[in-house]
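Participant: Sharing a structure with you now.
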Number of protein chains: 2
Amino acid sequence: MRKLDFDKLHTASKDRMRDINEAIVLNLIREHQPISRIQINRTTGLKLSTITVITRRLMDKGLIIEQGVAPSNGGRKARLLGLRPEKVCVVGIDIGVTRTTLALGDFNGEIVHQQVLATGRRPLPFIDKLIQSVERLIVSQKDQVEFEGVGISATGIVDSANGRIVFSPNLGWQDVDIRAMFEKRLQLPITVDNDARASALAEIWHGRGRQAGSMHLVFVTVNEGVGTGIVVNGQLFRGSSEGAGEFGHLSLNHNGPICNCGNRGCWELYASDRATINRFLRSQRKAGVPDGKSDADYTMRDVIKLARSGNKAAHSSLLATAKYLALGIANIINSLNPEMVVVGGELASVWPMIEPVIIDTLKPKVFSRNFSAVCIAPSALEFNASLVGAFLHALSPRLSVGKVA
Amino acid sequence: MRKLDFDKLHTASKDRMRDINEAIVLNLIREHQPISRIQINRTTGLKLSTITVITRRLMDKGLIIEQGVAPSNGGRKARLLGLRPEKVCVVGIDIGVTRTTLALGDFNGEIVHQQVLATGRRPLPFIDKLIQSVERLIVSQKDQVEFEGVGISATGIVDSANGRIVFSPNLGWQDVDIRAMFEKRLQLPITVDNDARASALAEIWHGRGRQAGSMHLVFVTVNEGVGTGIVVNGQLFRGSSEGAGEFGHLSLNHNGPICNCGNRGCWELYASDRATINRFLRSQRKAGVPDGKSDADYTMRDVIKLARSGNKAAHSSLLATAKYLALGIANIINSLNPEMVVVGGELASVWPMIEPVIIDTLKPKVFSRNFSAVCIAPSALEFNASLVGAFLHALSPRLSVGKVA
DNA sequence: TTAGTTTTTTCATTGTCTAAAGTAAGTTAG
DNA sequence: CTAACTTACTTTAGACAATGAAAAAACTAA
């Protein structure tokens with residue numbers, strides 16, 4: 001039997017029909033609140049009598065409330081419906097290289113409350129500590145909100161279907177069955193995904209993609225490596241074995257240095273933060289500038305700070321990175337023709353500085369049709385993209401009937 | 001309003017519920033015929049009473065018939081249902097560089113009847129002739145079958161949303177509004193797409209992808225250029241402006257020769273038939289082998305024939321192409337992590353010769369997870385992949401409720 | 001022939017959307 | 001201020017597609 005059949009075989013029944021329409025109405029309210037019943041009617045085509053029933057049900061469930069009225073259009077004023085966002089809450093966890101952020105998110109994907117922990121080197125004791133924090137958070141809020149689930153995003157190769165962190169070189173973790181650990185202690189659905197994919201989801205729902213109404217978006221995270229998350233038709237694309245989006249390991253130069261992936265001249269060897277820092281250090285040293293720091297002491301943030309304060313080596317190092325970044329983005333644009341490429345990571349904070357170089361390098365390398373279709377922008381979600389993505393993963397059963405991600 | 005809403009806002013109604021289930025049943029019969037009602041029940045989960053009603057309706061419409069009975073399992077024998085494939089027919093047209101194939105296809109995507117025309121240099125008079133042939137075909141079959149539509153596939157950049165051939169360097173056509181021309185003369189839905197995408201669709205429905213039950217497949221056509229068609233989640237991915245899949249213009253070498261796309265060292269400069277032929281000619285000439293032919297006289301077929309008969313230059317030229325082909329396929333595998341990469345074109349006919357080189361070159365360059373997930377194979381549809389794809393485009397309204405492609 | 005099995009149909013029930021009619025709550029013209 | 005009109009929403013009756021239960025059909029085996 002073809003796998004395709006699983007989708008095709010999702011038969012329609014009365015229950016499913018109700019659930020679909022209810023989810024449509026709920027999400028419409030979520031995205032366009034405050035909104036009146038008549039607007040829902042005009043947008044969805046559902047009859048007003050149906051909407052009366054559905055909204056009543058949603059109010060009974062405590063998911064929505066009437067909040068205020070709209071000005072009259074010459075007759076009865078419309079009563080406006082809005083979410084009770086605190087009713088549906090999720091826990092989002094973003095496991096970064098040095099810091100792990102744990103947050104409470106509402107149905108809108110907004111951060112209600114957050115706390116930061118230092119990421120541990122050894123996964124098991126750290127995750128144990130993490131679960132304790134989540135438990136405390138849940139207990140403290142139990143009376144006021146309902147928890148829908150926990151979403152986790154982590155750097156590295158993540159097998160989201162099985163909820164495992166397969167290999168995360170930057171964390172130094174390998175084969176961690178994180179979902180099972182959480183599920184054993186919490187009676188909630190747990191979702192796990194890698195940070196680039198979570199960020200991509202966040203951008204399409206709440207960031208740049210939402211503003212532009214995008215369906216096809218690629219998120220590029222630049223940090224230790226270069227990772228990408230692909231959204232196609234509004235849905236995350238993970239590939240057949242969770243390996244889609246390894247654009248960071250497309251080769252820019254087949255005679256280039258050997259990457260630890262086995263290939264030569266991979267994009268991330270040229271565009272990662274490490275590459276930028278090393279370029280800076282080389283030119284600094286060449287110029288004979290003495291400094292008190294050892295190489296490992298420099299972070300991307302330092303280089304950016306120096307570039308901002310006029311340091312030539314730092315500045316040109318960032319521009320070189322921009323150029324290499326553009327080469328990889330050109331590959332993405334030619335192969336996937338996205339509406340939007342969103343860049344995240346420390347580098348995004350110097351966007352005005354690097355954007356002209358990116359555009360100039362890019363333009364002659366991509367099909368003009370593809371170039372004019374695409375918008376390249378820094379992340380609109382600051383450093384929270386992957387956290388918001390974790391929320392969205394946890395919310396996904398609510399965001400549409402089937403699955404969003 | 002976000003575009004996503006268009007999909008999300010497809011509300012459920014009784015009519016839609018009926019159509020969905022009817023389409024599910026019809027397609028199940030199409031793919032697994034002959035099949036009994038009880039099997040449909042077990043596969044779909046629909047109740048037998050429902051299936052009785054749906055199958056009766058499909059029989060009334062003339063789409064299916066009862067054909068034979070299954071052996072008893074200890075009780076009443078199951079009556080088997082099958083398609084009346086000739087009831088739903090489509091016209092498929094594959095516009096190739098030298099030859100255009102026009103065929104009658106049934107609901108199974110099988111070729112019922114086909115004829116070949118020489119492709120004309122000037123588009124308008126040629127398409128006119130083509131339409132006349134289609135009209136003759138339709139008239140001659142009108143009594144026996146119902147025509148659902150006409151599917152057209154053509155090489156080059158095709159804007160399928162608007163039914164236009166934007167630019168086809170190999171045909172020498174530019175900005176041809178082919179759908180409008182057909183629609184003016186035929187009262188049938190017309191679909192247009194490029195050959196690589198049509199082939200990808202054909203492989204996933206009828207070729208390698210079907211055998212493997214694939215959801216994610218990339219088709220690589222090698223001829224004058226290198227084109228790709230991407231199938232994600234069982235659906236064609238066209239990108240935001242029909243520009244997805246230009247892997248042929250990912251650069252393998254940033255100091256390579258300039259491509260007419262503006263970039264340098266594009267994949268298709270190394271892996272296309274032209275590249276293979278030129279490599280052969282260079283080494284032939286270097287070896288001082290005289291020949292009566294001029295350069296332009298050599299075709300890919302000639303090179304292949306020579307390689308088969310032991311010509312060293314031809315043989316090594318093909319192996320070099322295989323190596324370059326692998327480099328591009330590595331990009332595809334790392335970026336999209338497909339279940340399957342299918343190679344079409346003349347080159348596919350020497351698969352046993354080139355496969356080892358492709359695998360050996362590829363393996364060290366891609367992530368091992370991605371490598372073990374992928375199957376690389378020559379097209380299973382011979383030279384008909386894009387024709388069958390054209391059928392499928394025309395059939396797509398029938399193949400599922402919404403859209404397949 | 002009879003009991004048991006498997007497959008299919010019939011028919012009453014259920015539940016959701018819809019259509020039509022009514023109600024609520026405003027505006028506007030005189 | 002009131003009658004006529006508009007707009008927003010609710011109620012009620014009706015339509016219809018899937019379902020569940022029961023019956024029928026068709027076969028096997030003993």
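Within each chain, counting starts at residue 1; across the structure tokens, chains are named A, B, ... in the order shown, with ligands numbered 1 upward in that order.
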Could I get the residues of chain A with an atom no further than 9 Å from an atom of chain C, each paired with its nearest atom pair and that distance in Å to one decimal, using only C-alpha atoms (C1' of nucleotides), sorted by chain and residue number, as a Markdown table?

Facilitator:
| residue | atom | partner | partner_atom | distance |
| --- | --- | --- | --- | --- |
| A:Lys14 | CA | C:DT16 | C1' | 6.4 |
| A:Asp15 | CA | C:DT16 | C1' | 8.4 |
| A:Met17 | CA | C:DT16 | C1' | 7.8 |
| A:Arg18 | CA | C:DT16 | C1' | 6.9 |
| A:Leu46 | CA | C:DC17 | C1' | 8.6 |
| A:Lys47 | CA | C:DT18 | C1' | 7.2 |
| A:Ser49 | CA | C:DT18 | C1' | 8.0 |
| A:Thr50 | CA | C:DC17 | C1' | 6.7 |
| A:Ser72 | CA | C:DG26 | C1' | 6.9 |
| A:Asn73 | CA | C:DT27 | C1' | 8.5 |
| A:Gly74 | CA | C:DT27 | C1' | 5.0 |
| A:Gly75 | CA | C:DG26 | C1' | 4.4 |
| A:Arg76 | CA | C:DG26 | C1' | 3.9 |
| A:Lys77 | CA | C:DG26 | C1' | 6.2 |

Participant: Got time to write the residues from that selection, N, CA and C atoms, as an mmCIF file, in the first residue's frame?

Facilitator:
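The resulting file, out.cif, is shown below:
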data_model
loop_
_atom_site.group_PDB
_atom_site.id
_atom_site.type_symbol
_atom_site.label_atom_id
_atom_site.label_comp_id
_atom_site.auth_asym_id
_atom_site.auth_seq_id
_atom_site.Cartn_x
_atom_site.Cartn_y
_atom_site.Cartn_z
ATOM 1 N N LYS A 14 -19.031 12.672 10.026
ATOM 2 C CA LYS A 14 -19.674 13.825 10.657
ATOM 3 C C LYS A 14 -18.769 14.450 11.713
ATOM 4 N N ASP A 15 -18.156 13.594 12.519
ATOM 5 C CA ASP A 15 -17.270 14.097 13.567
ATOM 6 C C ASP A 15 -16.147 14.929 12.981
ATOM 7 N N MET A 17 -16.030 16.373 10.116
ATOM 8 C CA MET A 17 -16.600 17.579 9.521
ATOM 9 C C MET A 17 -16.761 18.658 10.596
ATOM 10 N N ARG A 18 -17.326 18.249 11.736
ATOM 11 C CA ARG A 18 -17.488 19.205 12.825
ATOM 12 C C ARG A 18 -16.129 19.732 13.286
ATOM 13 N N LEU A 46 -19.246 29.656 5.767
ATOM 14 C CA LEU A 46 -20.157 28.904 6.645
ATOM 15 C C LEU A 46 -21.389 29.756 6.930
ATOM 16 N N LYS A 47 -22.536 29.119 7.037
ATOM 17 C CA LYS A 47 -23.767 29.868 7.275
ATOM 18 C C LYS A 47 -23.803 30.403 8.704
ATOM 19 N N SER A 49 -26.126 30.353 10.854
ATOM 20 C CA SER A 49 -26.705 29.434 11.831
ATOM 21 C C SER A 49 -25.641 28.451 12.322
ATOM 22 N N THR A 50 -24.810 28.011 11.404
ATOM 23 C CA THR A 50 -23.727 27.102 11.784
ATOM 24 C C THR A 50 -22.749 27.795 12.718
ATOM 25 N N SER A 72 -21.626 50.346 14.416
ATOM 26 C CA SER A 72 -22.735 49.936 13.546
ATOM 27 C C SER A 72 -22.463 50.265 12.090
ATOM 28 N N ASN A 73 -22.963 49.419 11.221
ATOM 29 C CA ASN A 73 -22.913 49.702 9.778
ATOM 30 C C ASN A 73 -24.294 50.103 9.281
ATOM 31 N N GLY A 74 -25.069 50.681 10.143
ATOM 32 C CA GLY A 74 -26.417 51.068 9.749
ATOM 33 C C GLY A 74 -27.478 50.167 10.339
ATOM 34 N N GLY A 75 -27.045 49.226 11.143
ATOM 35 C CA GLY A 75 -27.994 48.330 11.786
ATOM 36 C C GLY A 75 -27.429 47.858 13.108
ATOM 37 N N ARG A 76 -27.821 46.699 13.507
ATOM 38 C CA ARG A 76 -27.347 46.147 14.773
ATOM 39 C C ARG A 76 -25.822 46.079 14.783
ATOM 40 N N LYS A 77 -25.258 46.400 15.915
ATOM 41 C CA LYS A 77 -23.793 46.324 16.033
ATOM 42 C C LYS A 77 -23.353 44.873 16.154
#

Participant: Just list as number ranges by chain whatever in region 294-394 of chain B DSSP marks as strand (DSSP E).

Facilitator: B: 340-345, 375-378

Participant: Pick out the closest residue to Pro352 (chain B) from this set: B:Gly248, B:Ala390, B:Arg308, B:Val25. Count only C-alpha atoms.

Facilitator: B:Arg308

Participant: For a quick test of understanding: name the residues of chain D lying within 12 Å of chain B when counting only C-alpha atoms (C1' of nucleotides), and present them as a PyMOL selection string.

Facilitator: chain D and resi 15-21+24-29

Participant: Any chance you could export the current selection's C-alpha atoms (C1' of nucleotides) as a CSV table (one decimal), in the first residue's frame?

Facilitator:
chain,number,residue,atom,x,y,z
D,15,DA,C1',-32.0,17.6,4.2
D,16,DC,C1',-28.7,14.2,3.8
D,17,DA,C1',-24.4,11.4,4.5
D,18,DA,C1',-22.3,8.3,7.6
D,19,DT,C1',-23.5,4.9,11.1
D,20,DG,C1',-25.4,0.8,13.7
D,21,DA,C1',-28.4,-3.0,13.9
D,24,DA,C1',-30.6,-11.1,3.5
D,25,DA,C1',-27.7,-13.3,0.2
D,26,DA,C1',-24.3,-16.6,-1.0
D,27,DC,C1',-21.3,-19.8,0.1
D,28,DT,C1',-18.8,-24.0,2.9
D,29,DA,C1',-18.7,-27.9,5.6

Participant: Mind listing as number ranges by chain which residues of chain A are within 7 Å of chain B, counting only C-alpha atoms?

Facilitator: A: 2-4, 8-9, 11-13, 17, 20-21, 24, 44, 210, 213-216, 234, 239-241, 243-247, 250, 252-254, 261-263, 331, 334-339, 364-365, 367, 370, 373

Participant: Would you please give, as a ChimeraX atom specification, all residues of region 228-393 of chain B that DSSP assigns to helix (DSSP H, G or I) based on the backbone?

Facilitator: /B:246-249,267-271,273-286,295-297,300-308,312-336,346-365,368-373,382-393

Participant: Any idea what's packed within 7 Å of region 182-195 of chain A, counting only C-alpha atoms (C1' of nucleotides), ignoring anything in its chain fewer than 3 positions away? Could you give it as a list in words?

Facilitator: Ile131, Glu148, Gly149, Val150, Gly151, Ile152, Ser153, Ala154, Thr155, Gly156, Ile157, Val158, Ser160, Gly163, Ile178, Arg179, Ala198, Ser199, Ser386, His393 and Ala394 of chain A

Participant: Would you mind exporting C-alpha atoms of the selected residues as a JSON list (two decimals), in the first residue's frame?

Facilitator:
[["chain", "number", "residue", "atom", "x", "y", "z"],
["A", 131, "ILE", "CA", 11.90, 18.32, 33.69],
["A", 148, "GLU", "CA", -1.70, 21.25, 25.86],
["A", 149, "GLY", "CA", 1.81, 19.96, 25.57],
["A", 150, "VAL", "CA", 5.52, 20.58, 25.64],
["A", 151, "GLY", "CA", 7.54, 21.60, 22.58],
["A", 152, "ILE", "CA", 11.29, 21.22, 22.54],
["A", 153, "SER", "CA", 13.76, 22.59, 20.03],
["A", 154, "ALA", "CA", 17.44, 21.72, 20.03],
["A", 155, "THR", "CA", 20.45, 22.31, 17.80],
["A", 156, "GLY", "CA", 21.72, 19.35, 15.85],
["A", 157, "ILE", "CA", 20.20, 16.42, 14.05],
["A", 158, "VAL", "CA", 16.85, 15.71, 15.62],
["A", 160, "SER", "CA", 11.28, 14.48, 15.44],
["A", 163, "GLY", "CA", 11.53, 12.38, 19.59],
["A", 178, "ILE", "CA", 14.48, 13.14, 25.18],
["A", 179, "ARG", "CA", 10.82, 12.63, 24.42],
["A", 198, "ALA", "CA", 11.26, 25.36, 14.68],
["A", 199, "SER", "CA", 12.43, 28.81, 13.65],
["A", 386, "SER", "CA", 13.18, 28.61, 17.87],
["A", 393, "HIS", "CA", 4.93, 22.47, 17.59],
["A", 394, "ALA", "CA", 3.17, 21.89, 20.87]]

Participant: Please report the interatomic distance between CA of Ile258 (chain B) and CA of Thr299 (chain B) in Å with one decimal.

Facilitator: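 That distance, rounded to one decimal, is 23.3 Å.
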